[in-house]
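Asker: To be precise about what I am sending: the file is called input_31.cif and holds mmCIF, C-alpha atoms.
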data_model
#
loop_
_atom_site.label_atom_id
_atom_site.label_comp_id
_atom_site.auth_asym_id
_atom_site.auth_seq_id
_atom_site.Cartn_x
_atom_site.Cartn_y
_atom_site.Cartn_z
CA MET V 629 -39.02 15.05 -22.49
CA PRO V 630 -36.71 17.24 -24.62
CA SER V 631 -32.98 16.76 -24.11
CA GLU V 632 -30.55 19.52 -23.16
CA PHE V 633 -29.47 19.78 -26.80
CA ASP V 634 -33.06 19.95 -28.03
CA LEU V 635 -33.71 22.89 -25.70
CA ILE V 636 -30.55 24.68 -26.84
CA ARG V 637 -31.39 24.18 -30.51
CA GLN V 638 -35.01 25.28 -30.12
CA TYR V 639 -34.66 28.28 -27.83
CA PHE V 640 -31.07 29.53 -27.97
CA THR V 641 -29.55 28.77 -31.36
CA ARG V 642 -29.63 31.65 -33.83
CA PRO V 643 -27.24 32.91 -36.53
CA ALA V 644 -24.31 34.73 -34.92
CA LYS V 645 -22.75 37.86 -36.40
CA ARG V 646 -19.00 38.60 -36.37
CA THR V 647 -18.45 35.00 -35.30
CA VAL V 648 -16.30 32.31 -36.91
CA LEU V 649 -18.11 29.54 -35.01
CA GLY V 650 -21.06 29.92 -32.65
CA VAL V 651 -23.38 27.60 -30.70
CA GLY V 652 -22.96 23.86 -31.24
CA ASP V 653 -19.26 23.05 -30.80
CA ASP V 654 -16.91 22.63 -27.83
CA ALA V 655 -16.04 26.33 -27.97
CA ALA V 656 -17.00 29.39 -29.97
CA LEU V 657 -14.57 31.20 -32.23
CA ILE V 658 -14.61 34.98 -32.56
CA ARG V 659 -12.39 37.43 -34.40
CA VAL V 660 -11.78 40.82 -32.79
CA ALA V 661 -11.42 43.73 -35.20
CA ASP V 662 -8.01 45.31 -35.74
CA ALA V 663 -6.97 48.01 -33.22
CA GLN V 664 -9.72 46.88 -30.83
CA GLU V 665 -9.50 45.41 -27.34
CA LEU V 666 -11.86 42.78 -25.96
CA ALA V 667 -13.95 43.93 -22.98
CA ILE V 668 -15.36 41.02 -20.96
CA SER V 669 -17.76 40.95 -18.00
CA THR V 670 -19.78 38.28 -16.24
CA ASP V 671 -22.69 38.16 -13.79
CA LEU V 672 -24.33 35.39 -11.78
CA LEU V 673 -28.01 35.88 -10.91
CA LEU V 674 -29.60 33.61 -8.31
CA ALA V 675 -33.32 33.12 -7.70
CA ASP V 676 -34.56 34.76 -4.49
CA ARG V 677 -31.23 36.56 -4.17
CA HIS V 678 -31.08 38.75 -7.29
CA PHE V 679 -34.62 38.15 -8.54
CA PHE V 680 -37.81 36.44 -7.44
CA ALA V 681 -38.20 32.86 -8.67
CA ASP V 682 -41.68 33.63 -10.00
CA ASP V 683 -40.66 36.79 -11.88
CA ASP V 684 -41.95 37.13 -15.44
CA ALA V 685 -39.61 35.02 -17.59
CA ALA V 686 -39.46 37.48 -20.51
CA SER V 687 -38.50 40.31 -18.17
CA LEU V 688 -35.92 38.07 -16.55
CA GLY V 689 -34.39 37.27 -19.95
CA HIS V 690 -34.20 40.99 -20.65
CA LYS V 691 -32.66 41.84 -17.28
CA ALA V 692 -30.09 39.03 -17.36
CA LEU V 693 -28.63 40.53 -20.52
CA ALA V 694 -29.25 44.18 -19.59
CA VAL V 695 -27.16 44.10 -16.42
CA ASN V 696 -24.23 42.76 -18.42
CA LEU V 697 -24.70 45.28 -21.21
CA SER V 698 -24.55 47.95 -18.52
CA ASP V 699 -21.06 46.78 -17.52
CA LEU V 700 -19.84 47.20 -21.10
CA ALA V 701 -21.57 50.59 -21.30
CA ALA V 702 -19.51 51.76 -18.33
CA MET V 703 -16.35 50.92 -20.29
CA GLY V 704 -17.56 52.59 -23.48
CA ALA V 705 -17.44 49.22 -25.28
CA THR V 706 -19.59 48.04 -28.18
CA PRO V 707 -21.36 44.76 -27.25
CA ARG V 708 -20.73 41.84 -29.62
CA TRP V 709 -21.03 38.37 -28.07
CA ALA V 710 -22.55 36.65 -25.03
CA LEU V 711 -22.45 33.27 -23.28
CA LEU V 712 -25.48 32.11 -21.29
CA SER V 713 -25.65 29.31 -18.73
CA LEU V 714 -28.86 28.26 -17.00
CA ALA V 715 -29.56 26.02 -14.02
CA LEU V 716 -33.24 25.06 -14.17
CA PRO V 717 -35.40 23.16 -11.67
CA GLU V 718 -37.19 21.61 -14.67
CA ALA V 719 -37.27 21.88 -18.44
CA ASN V 720 -40.30 24.18 -18.59
CA GLU V 721 -40.67 24.96 -22.30
CA GLN V 722 -43.15 27.81 -21.77
CA TRP V 723 -40.69 29.50 -19.37
CA LEU V 724 -37.81 28.95 -21.79
CA ALA V 725 -39.76 30.37 -24.73
CA GLN V 726 -40.58 33.54 -22.77
CA PHE V 727 -37.09 33.90 -21.31
CA SER V 728 -35.41 33.52 -24.69
CA ALA V 729 -37.85 35.98 -26.27
CA GLY V 730 -36.95 38.62 -23.68
CA TRP V 731 -33.25 37.89 -24.10
CA PHE V 732 -33.17 37.99 -27.91
CA THR V 733 -35.32 41.11 -28.20
CA LEU V 734 -32.71 43.06 -26.26
CA ALA V 735 -29.80 41.21 -27.84
CA GLU V 736 -30.95 42.09 -31.35
CA ALA V 737 -31.44 45.73 -30.35
CA HIS V 738 -27.75 45.90 -29.39
CA GLY V 739 -26.27 43.58 -32.02
CA VAL V 740 -25.31 40.88 -29.50
CA SER V 741 -24.83 37.30 -30.70
CA LEU V 742 -25.34 34.37 -28.33
CA ILE V 743 -22.37 32.10 -29.09
CA GLY V 744 -22.52 29.43 -26.38
CA GLY V 745 -23.22 28.46 -22.78
CA ASP V 746 -24.57 25.53 -20.80
CA THR V 747 -27.72 24.17 -19.19
CA THR V 748 -28.23 21.83 -16.24
CA ARG V 749 -30.85 20.86 -13.68
CA GLY V 750 -30.62 22.66 -10.36
CA PRO V 751 -31.88 25.65 -8.35
CA LEU V 752 -32.77 28.48 -10.75
CA ALA V 753 -29.63 30.44 -11.61
CA ILE V 754 -28.50 32.49 -14.61
CA SER V 755 -24.88 33.12 -15.54
CA VAL V 756 -24.03 35.51 -18.37
CA THR V 757 -20.65 36.42 -19.82
CA ILE V 758 -20.61 39.29 -22.28
CA MET V 759 -17.87 40.48 -24.61
CA GLY V 760 -17.47 43.64 -26.60
CA GLU V 761 -14.95 45.72 -28.48
CA VAL V 762 -13.42 49.07 -27.61
CA ALA V 763 -10.67 51.02 -29.35
CA ARG V 764 -7.26 50.06 -28.04
CA GLY V 765 -6.30 52.13 -24.99
CA GLN V 766 -9.59 54.09 -24.99
CA ALA V 767 -11.78 52.15 -22.53
CA LEU V 768 -13.27 54.12 -19.65
CA ARG V 769 -12.05 52.94 -16.25
CA ARG V 770 -12.88 53.55 -12.62
CA ALA V 771 -9.34 54.74 -11.97
CA GLY V 772 -9.45 57.79 -14.27
CA ALA V 773 -11.17 60.43 -12.10
CA GLN V 774 -9.13 63.63 -11.71
CA VAL V 775 -9.25 66.43 -9.16
CA GLY V 776 -11.60 69.14 -10.42
CA ASP V 777 -13.70 66.75 -12.51
CA GLU V 778 -17.45 67.16 -12.41
CA ILE V 779 -19.49 64.11 -11.38
CA TRP V 780 -22.42 63.23 -13.62
CA VAL V 781 -25.17 60.62 -13.62
CA SER V 782 -27.60 59.59 -16.33
CA GLY V 783 -31.37 59.25 -16.03
CA THR V 784 -32.95 59.21 -12.58
CA LEU V 785 -31.96 57.19 -9.53
CA GLY V 786 -33.84 55.10 -7.01
CA ASP V 787 -36.92 53.87 -8.87
CA ALA V 788 -35.76 50.25 -9.08
CA ALA V 789 -34.89 50.11 -5.39
CA LEU V 790 -38.22 51.74 -4.53
CA ALA V 791 -39.97 49.05 -6.58
CA LEU V 792 -38.08 46.33 -4.71
CA ALA V 793 -38.96 47.90 -1.36
CA TYR V 794 -42.60 47.91 -2.46
CA LEU V 795 -42.49 44.22 -3.42
CA GLN V 796 -40.82 43.40 -0.10
CA ARG V 797 -43.53 45.43 1.71
CA ARG V 798 -40.98 47.79 3.23
CA ILE V 799 -42.94 50.77 1.90
CA GLN V 800 -46.52 51.38 0.81
CA ILE V 801 -46.98 53.25 -2.48
CA SER V 802 -49.99 53.83 -4.70
CA PRO V 803 -50.84 51.45 -7.58
CA HIS V 804 -50.03 54.29 -9.99
CA ALA V 805 -46.59 54.74 -8.42
CA ALA V 806 -45.94 51.00 -8.47
CA ALA V 807 -46.80 50.84 -12.18
CA ALA V 808 -44.29 53.63 -12.80
CA VAL V 809 -41.33 52.11 -10.94
CA LEU V 810 -41.69 48.33 -11.41
CA PRO V 811 -40.45 48.42 -15.05
CA ARG V 812 -37.26 50.10 -13.82
CA LEU V 813 -36.60 47.04 -11.66
CA HIS V 814 -37.65 44.33 -14.09
CA ARG V 815 -36.54 45.84 -17.43
CA PRO V 816 -33.63 48.23 -16.87
CA THR V 817 -32.24 50.21 -19.80
CA PRO V 818 -28.48 49.73 -20.30
CA ARG V 819 -26.88 53.04 -21.37
CA VAL V 820 -24.76 51.52 -24.13
CA LYS V 821 -24.93 54.45 -26.55
CA LEU V 822 -24.06 56.92 -23.79
CA GLY V 823 -20.99 54.92 -22.80
CA GLN V 824 -19.75 54.90 -26.38
CA LYS V 825 -20.26 58.65 -26.71
CA LEU V 826 -18.32 59.30 -23.49
CA LEU V 827 -15.09 57.92 -24.96
CA GLY V 828 -12.69 60.84 -25.12
CA LEU V 829 -15.13 63.01 -23.17
CA ALA V 830 -15.13 61.42 -19.70
CA HIS V 831 -12.19 60.49 -17.49
CA SER V 832 -13.87 57.64 -15.59
CA ALA V 833 -17.17 55.78 -15.41
CA ILE V 834 -19.06 53.07 -13.54
CA ASP V 835 -22.55 51.67 -13.81
CA ILE V 836 -24.81 52.14 -10.79
CA SER V 837 -25.71 48.59 -9.82
CA ASP V 838 -25.03 48.61 -6.07
CA GLY V 839 -26.14 52.18 -5.31
CA LEU V 840 -24.79 55.66 -6.07
CA LEU V 841 -22.78 56.06 -2.87
CA ALA V 842 -21.18 52.63 -3.11
CA ASP V 843 -20.39 52.78 -6.81
CA LEU V 844 -19.09 56.35 -6.73
CA GLY V 845 -17.01 55.18 -3.78
CA HIS V 846 -15.40 52.54 -6.02
CA VAL V 847 -14.37 55.29 -8.46
CA LEU V 848 -12.92 57.41 -5.66
CA GLN V 849 -10.97 54.51 -4.22
CA ALA V 850 -9.61 53.39 -7.58
CA SER V 851 -8.64 56.95 -8.52
CA GLY V 852 -7.21 57.93 -5.14
CA VAL V 853 -9.42 61.01 -4.84
CA GLY V 854 -12.43 62.30 -2.89
CA ALA V 855 -15.70 63.98 -3.82
CA GLU V 856 -18.36 66.45 -2.78
CA LEU V 857 -21.85 65.43 -3.79
CA HIS V 858 -24.89 67.72 -3.71
CA ILE V 859 -27.97 65.78 -2.67
CA ASP V 860 -30.38 68.30 -4.21
CA ALA V 861 -28.75 67.73 -7.61
CA VAL V 862 -29.33 63.95 -7.60
CA PRO V 863 -31.95 63.35 -10.34
CA LEU V 864 -35.20 61.81 -9.13
CA SER V 865 -38.35 60.77 -10.92
CA GLU V 866 -41.59 62.47 -9.96
CA THR V 867 -42.68 59.19 -8.41
CA LEU V 868 -39.71 58.88 -6.10
CA ARG V 869 -39.80 62.58 -5.24
CA ALA V 870 -43.38 62.12 -4.02
CA TYR V 871 -42.06 59.67 -1.38
CA TRP V 872 -38.86 61.57 -0.54
CA HIS V 873 -40.11 62.09 3.02
CA GLU V 874 -39.78 58.33 3.54
CA ASP V 875 -36.39 57.03 4.71
CA VAL V 876 -36.80 54.05 2.37
CA ALA V 877 -37.15 56.35 -0.64
CA ARG V 878 -34.07 58.42 0.25
CA HIS V 879 -32.07 55.24 0.74
CA ALA V 880 -33.33 53.93 -2.62
CA ALA V 881 -31.99 56.98 -4.46
CA LEU V 882 -28.59 57.08 -2.77
CA ALA V 883 -27.79 53.48 -1.93
CA GLY V 884 -30.51 51.21 -3.29
CA GLY V 885 -28.90 49.88 -6.45
CA ASP V 886 -30.36 48.23 -9.56
CA ASP V 887 -30.49 51.58 -11.41
CA TYR V 888 -28.02 50.59 -14.16
CA GLU V 889 -27.49 54.24 -14.96
CA LEU V 890 -23.96 55.52 -15.58
CA CYS V 891 -21.99 57.65 -13.14
CA PHE V 892 -19.03 59.34 -14.80
CA THR V 893 -16.53 62.13 -14.25
CA ALA V 894 -15.29 64.68 -16.77
CA LYS V 895 -13.32 67.91 -16.67
CA ALA V 896 -15.40 71.03 -16.10
CA ALA V 897 -14.42 72.35 -19.53
CA ASN V 898 -16.55 69.55 -21.05
CA HIS V 899 -19.73 70.64 -19.24
CA ALA V 900 -21.33 72.22 -22.31
CA ALA V 901 -20.40 69.28 -24.53
CA ILE V 902 -22.01 66.84 -22.08
CA ALA V 903 -25.13 68.99 -21.93
CA GLN V 904 -25.31 68.88 -25.73
CA LEU V 905 -24.81 65.11 -25.65
CA ALA V 906 -27.81 64.83 -23.32
CA LYS V 907 -29.91 66.67 -25.89
CA ARG V 908 -28.72 64.49 -28.77
CA LEU V 909 -29.39 61.26 -26.88
CA LYS V 910 -32.63 62.61 -25.36
CA LEU V 911 -31.32 61.34 -22.04
CA PRO V 912 -31.09 63.49 -18.89
CA LEU V 913 -27.49 63.91 -17.69
CA SER V 914 -27.13 65.62 -14.31
CA CYS V 915 -24.03 67.15 -12.73
CA ILE V 916 -24.20 66.20 -9.05
CA GLY V 917 -20.80 67.04 -7.59
CA THR V 918 -17.07 67.52 -7.92
CA ILE V 919 -13.96 65.40 -7.51
CA THR V 920 -11.71 66.69 -4.72
CA ARG V 921 -8.13 66.02 -3.64
CA GLU V 922 -8.98 65.02 -0.07
CA PRO V 923 -10.06 61.34 0.13
CA GLY V 924 -13.60 60.58 1.23
CA LEU V 925 -17.12 61.41 0.11
CA ILE V 926 -18.90 64.46 1.49
CA VAL V 927 -22.63 64.87 0.87
CA ARG V 928 -24.12 68.36 1.20
CA ASP V 929 -27.72 69.56 1.29
CA ALA V 930 -29.22 72.58 -0.48
CA ASP V 931 -27.83 74.85 2.26
CA HIS V 932 -24.34 73.35 1.77
CA GLN V 933 -24.53 71.63 5.15
CA VAL V 934 -22.73 68.30 5.44
CA LEU V 935 -25.15 65.38 5.84
CA ASP V 936 -24.52 62.16 7.73
CA ILE V 937 -25.57 59.74 5.01
CA GLN V 938 -25.30 56.03 5.69
CA GLY V 939 -25.52 53.63 2.78
CA SER V 940 -23.01 51.06 1.68
CA GLY V 941 -25.05 49.69 -1.21
CA PHE V 942 -25.93 46.10 -2.03
CA ASP V 943 -23.97 43.53 -0.03
CA HIS V 944 -23.57 40.34 -2.07
CA PHE V 945 -22.81 38.28 1.07
CA ALA V 946 -25.35 39.77 3.49
#
Can the structure from this file be put into structure tokens for me?
Answerer:
Amino acid sequence: MPSEFDLIRQYFTRPAKRTVLGVGDDAALIRVADAQELAISTDLLLADRHFFADDDAASLGHKALAVNLSDLAAMGATPRWALLSLALPEANEQWLAQFSAGWFTLAEAHGVSLIGGDTTRGPLAISVTIMGEVARGQALRRAGAQVGDEIWVSGTLGDAALALAYLQRRIQISPHAAAAVLPRLHRPTPRVKLGQKLLGLAHSAIDISDGLLADLGHVLQASGVGAELHIDAVPLSETLRAYWHEDVARHAALAGGDDYELCFTAKAANHAAIAQLAKRLKLPLSCIGTITREPGLIVRDADHQVLDIQGSGFDHFA
């Protein structure tokens, strides 16, 4: 039976960049570049709460890092270092090999070094802390939205939540549709490059992890403003649009969560620049509303009628 340290050496010890001292000591040592601030975020993922215990291990390794990269993307930070802690029911080497492969494939794509963590026996749980650098005083924040700003989102919304609803048998969709949306749930794409390009262009940003309405609501509350959102402007995939008549699908797009797209606000004068950025990144960026002075979120349909939309997003204690 391999020891804890054998498992760490075999599956999680690799050369670390921009690091004075990485895995293998009581603490890691890093050196932040001059004129940079350290952006830090952490997430705890629990089996059968945030993922299914029998999920593909490689996809789980990818997602565990991706959801943390998404937090840094929302700040406009450049990812650098990560800490990973695992509670495992058993030392399953096949699972560990697949999990670490999924993790390091994404980590290498974004220049992230794993510099420490912990392992123990227990119910399956994954804790990740990620750190990155951002120019001093330039980080995007939730509290920066200004009256008159346009509200933008990246990509399309709702596919991941539709996939979860399908797995939970809350909606029936075709095998073709399932194949289209399941990767959005299991292997989300963190919008790191977009976040970096929004520095100096956007006033505020947040990643959509708990649902558009909930996460936009966090921006409004932090900024002390309101918003008007146009439901017909919310970007949807062809797959989700095909099920738009289903309440579950509409809820997935507006309040489902797990999208890990960015929602950001920027002054209207930057509209053309953001449209050009979308072309350069080959990433759809959609203007879906406007920041208003009056607090609260108003959702309008194509005829400008106010809709009664209910959706508080993912409740971590439900």
Asker: Since I can't run it myself right now, could you work out what the PyMOL selection byres ((chain V and resi 891) around 6) selects here and report it as a ChimeraX atom specification?
Answerer: /V:780-781,833-834,890,892
Asker: Out of V:Asp886, V:Glu874, V:Glu922, V:Glu856, which residue has the shortest atom-to-atom distance to V:Val934 when counting all atoms listed in the file?
Answerer: V:Glu856
Asker: Provide the atom CA of V:Gly760 to atom CA of V:Trp709 distance in Å, to one decimal place.
Answerer: 6.5 Å
Asker: Please report, as a tab-separated table, each residue of stretch 819-853 of chain V lying at most 12 Å from stretch 783-786 of chain V, together with the nearest pair of atoms and the separation in Å rounded to one decimal; use all atoms listed in the file, and order rows by chain and ascending residue number.
Answerer:
residue	atom	partner	partner_atom	distance
V:Arg819	CA	V:Gly783	CA	9.3
V:Leu822	CA	V:Gly783	CA	10.9
V:Asp835	CA	V:Leu785	CA	11.7
V:Ile836	CA	V:Leu785	CA	8.8
V:Ser837	CA	V:Leu785	CA	10.6
V:Asp838	CA	V:Gly786	CA	11.0
V:Gly839	CA	V:Gly786	CA	8.4
V:Leu840	CA	V:Leu785	CA	8.1
V:Leu841	CA	V:Leu785	CA	11.4
Asker: Select, from V:Gln774, V:Gln796, V:Thr920, V:Ser851, the residue with the minimum atom-to-atom distance to V:Ala894, counting all atoms listed in the file.
Answerer: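 For V:Ala894, the nearest of the given residues is V:Gln774.
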Asker: To verify the selection step, state as a VMD selection string which residues the PyMOL selection byres ((chain V and resi 798-810) around 10) yields on this input.
Answerer: chain V and resid 786 to 797 811 to 816 865 to 868 870 to 871 874 to 877
Asker: Take the residues that were just selected and, keeping C-alpha atoms, output them as a JSON list (two decimals), keeping the file's coordinate frame.
Answerer:
[["chain", "number", "residue", "atom", "x", "y", "z"],
["V", 786, "GLY", "CA", -33.84, 55.10, -7.01],
["V", 787, "ASP", "CA", -36.92, 53.87, -8.87],
["V", 788, "ALA", "CA", -35.76, 50.25, -9.08],
["V", 789, "ALA", "CA", -34.89, 50.11, -5.39],
["V", 790, "LEU", "CA", -38.22, 51.74, -4.53],
["V", 791, "ALA", "CA", -39.97, 49.05, -6.58],
["V", 792, "LEU", "CA", -38.08, 46.33, -4.71],
["V", 793, "ALA", "CA", -38.96, 47.90, -1.36],
["V", 794, "TYR", "CA", -42.60, 47.91, -2.46],
["V", 795, "LEU", "CA", -42.49, 44.22, -3.42],
["V", 796, "GLN", "CA", -40.82, 43.40, -0.10],
["V", 797, "ARG", "CA", -43.53, 45.43, 1.71],
["V", 811, "PRO", "CA", -40.45, 48.42, -15.05],
["V", 812, "ARG", "CA", -37.26, 50.10, -13.82],
["V", 813, "LEU", "CA", -36.60, 47.04, -11.66],
["V", 814, "HIS", "CA", -37.65, 44.33, -14.09],
["V", 815, "ARG", "CA", -36.54, 45.84, -17.43],
["V", 816, "PRO", "CA", -33.63, 48.23, -16.87],
["V", 865, "SER", "CA", -38.35, 60.77, -10.92],
["V", 866, "GLU", "CA", -41.59, 62.47, -9.96],
["V", 867, "THR", "CA", -42.68, 59.19, -8.41],
["V", 868, "LEU", "CA", -39.71, 58.88, -6.10],
["V", 870, "ALA", "CA", -43.38, 62.12, -4.02],
["V", 871, "TYR", "CA", -42.06, 59.67, -1.38],
["V", 874, "GLU", "CA", -39.78, 58.33, 3.54],
["V", 875, "ASP", "CA", -36.39, 57.03, 4.71],
["V", 876, "VAL", "CA", -36.80, 54.05, 2.37],
["V", 877, "ALA", "CA", -37.15, 56.35, -0.64]]
Asker: My list of candidates is V:Ala903, V:Lys821, V:Ile916, V:Ser832. Which is closest to V:Leu857 when distances are computed with only C-alpha atoms?
Answerer: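 Among the listed residues, the smallest separation from V:Leu857 belongs to V:Ile916.
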Asker: Could you state the separation of atom CA of V:Gly776 and atom CA of V:Asp936 in Å, given to one decimal place?
Answerer: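 Atom-to-atom, atom CA of V:Gly776 to atom CA of V:Asp936, that is 23.3 Å.
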Asker: With distances taken over all atoms listed in the file, which of V:Ile919, V:Ala737, V:Leu768, V:Leu882 is nearest to V:Ala702?
Answerer: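 That would be V:Leu768, the residue with the smallest distance to V:Ala702.
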Asker: Find the distance between atom CA of V:Asp843 and atom CA of V:Asp683 and write it in Å to one decimal.
Answerer: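 Pair atom CA of V:Asp843 / atom CA of V:Asp683 returns 26.3 Å.
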Asker: I'd like the neighbourhood of V:Ser669 as a PyMOL selection string, where a residue qualifies if any of its atoms comes within 8 Å (using only C-alpha atoms), though same-chain residues fewer than 3 positions away should be ignored.
Answerer: chain V and resi 696+699-700+757-759
Asker: Name the residues in contact with V:Gly845 at a cut-off of 10 Å, using only C-alpha atoms, excluding same-chain residues fewer than 5 positions from it; report them as a list in words.
Answerer: Arg770, Gly839, Leu840, Ala850, Ser851, Val853, Gly854, Ala855, Gly924, Leu925 and Ser940 of chain V
Asker: Would you please work out which residue, of V:Ala719, V:Ala729, V:Ala771, V:Ile779, is nearest to V:Thr748 when using all atoms listed in the file?
Answerer: V:Ala719
Asker: Using the file's own x, y and z axes, so that the box edges lie along x, y and z, what centre and edge lengths in Å (one decimal) does a box around every listed atom of stretch 874-889 of chain V get when 3 Å is added on each side? Give it as AutoDock Vina command-line options.
Answerer:
--center_x -33.6 --center_y 53.3 --center_z -5.1 --size_x 18.3 --size_y 16.2 --size_z 25.7
Asker: Return the single residue from V:Leu827, V:Leu909, V:Val762, V:Ala767 that is closest to V:Ala661, with distances computed using only C-alpha atoms.
Answerer: V:Val762
Asker: In file coordinates, which residues lie within 9 Å of (-13.9, 43.3, -29.0) using only C-alpha atoms, given as a list in words?
Answerer: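 Here the neighbourhood of the point contains Arg659, Val660, Ala661, Gln664, Glu665, Leu666, Ala667, Ile668, Ala705, Thr706, Pro707, Arg708, Trp709, Met759, Gly760, Glu761, Val762 and Ala763 of chain V.
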Asker: I need the residues from that last selection saved to file as a short mmCIF file (atom, residue, chain, number, x, y, z; two decimals), keeping the file's coordinate frame (with C-alpha atoms), if you can.
Answerer:
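After the write, result_16.cif holds the following:
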data_model
loop_
_atom_site.label_atom_id
_atom_site.label_comp_id
_atom_site.auth_asym_id
_atom_site.auth_seq_id
_atom_site.Cartn_x
_atom_site.Cartn_y
_atom_site.Cartn_z
CA ARG V 659 -12.39 37.43 -34.40
CA VAL V 660 -11.78 40.82 -32.79
CA ALA V 661 -11.42 43.73 -35.20
CA GLN V 664 -9.72 46.88 -30.83
CA GLU V 665 -9.50 45.41 -27.34
CA LEU V 666 -11.86 42.78 -25.96
CA ALA V 667 -13.95 43.93 -22.98
CA ILE V 668 -15.36 41.02 -20.96
CA ALA V 705 -17.44 49.22 -25.28
CA THR V 706 -19.59 48.04 -28.18
CA PRO V 707 -21.36 44.76 -27.25
CA ARG V 708 -20.73 41.84 -29.62
CA TRP V 709 -21.03 38.37 -28.07
CA MET V 759 -17.87 40.48 -24.61
CA GLY V 760 -17.47 43.64 -26.60
CA GLU V 761 -14.95 45.72 -28.48
CA VAL V 762 -13.42 49.07 -27.61
CA ALA V 763 -10.67 51.02 -29.35
#
Asker: Could stretch 663-668 of chain V be completed with all heavy atoms and written as a JSON list (two decimals), in the frame of the given file, please?
Answerer:
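The result, stored in out_0.json:
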[["chain", "number", "residue", "atom", "x", "y", "z"],
["V", 663, "ALA", "N", -7.08, 46.81, -34.07],
["V", 663, "ALA", "CA", -6.97, 48.01, -33.22],
["V", 663, "ALA", "C", -8.06, 48.08, -32.16],
["V", 663, "ALA", "O", -8.33, 49.14, -31.61],
["V", 663, "ALA", "CB", -6.96, 49.28, -34.06],
["V", 664, "GLN", "N", -8.70, 46.93, -31.87],
["V", 664, "GLN", "CA", -9.72, 46.88, -30.83],
["V", 664, "GLN", "C", -9.25, 45.97, -29.70],
["V", 664, "GLN", "O", -8.48, 45.03, -29.90],
["V", 664, "GLN", "CB", -11.04, 46.32, -31.39],
["V", 664, "GLN", "CG", -11.64, 47.16, -32.50],
["V", 664, "GLN", "CD", -12.29, 48.42, -31.98],
["V", 664, "GLN", "OE1", -13.15, 48.39, -31.11],
["V", 664, "GLN", "NE2", -11.89, 49.55, -32.55],
["V", 665, "GLU", "N", -9.72, 46.28, -28.48],
["V", 665, "GLU", "CA", -9.50, 45.41, -27.34],
["V", 665, "GLU", "C", -10.80, 44.72, -26.98],
["V", 665, "GLU", "O", -11.89, 45.24, -27.27],
["V", 665, "GLU", "CB", -8.99, 46.22, -26.14],
["V", 665, "GLU", "CG", -7.59, 46.77, -26.35],
["V", 665, "GLU", "CD", -7.12, 47.65, -25.21],
["V", 665, "GLU", "OE1", -7.97, 48.27, -24.54],
["V", 665, "GLU", "OE2", -5.90, 47.71, -25.01],
["V", 666, "LEU", "N", -10.69, 43.55, -26.35],
["V", 666, "LEU", "CA", -11.86, 42.78, -25.96],
["V", 666, "LEU", "C", -12.23, 43.12, -24.53],
["V", 666, "LEU", "O", -11.42, 42.95, -23.60],
["V", 666, "LEU", "CB", -11.57, 41.29, -26.09],
["V", 666, "LEU", "CG", -12.75, 40.32, -26.01],
["V", 666, "LEU", "CD1", -13.73, 40.57, -27.14],
["V", 666, "LEU", "CD2", -12.25, 38.88, -26.04],
["V", 667, "ALA", "N", -13.43, 43.65, -24.32],
["V", 667, "ALA", "CA", -13.95, 43.93, -22.98],
["V", 667, "ALA", "C", -14.86, 42.78, -22.57],
["V", 667, "ALA", "O", -15.76, 42.39, -23.34],
["V", 667, "ALA", "CB", -14.72, 45.25, -22.97],
["V", 668, "ILE", "N", -14.64, 42.21, -21.40],
["V", 668, "ILE", "CA", -15.36, 41.02, -20.96],
["V", 668, "ILE", "C", -15.90, 41.24, -19.55],
["V", 668, "ILE", "O", -15.20, 41.74, -18.67],
["V", 668, "ILE", "CB", -14.46, 39.77, -20.96],
["V", 668, "ILE", "CG1", -13.80, 39.58, -22.32],
["V", 668, "ILE", "CG2", -15.24, 38.53, -20.57],
["V", 668, "ILE", "CD1", -12.75, 38.49, -22.35]]
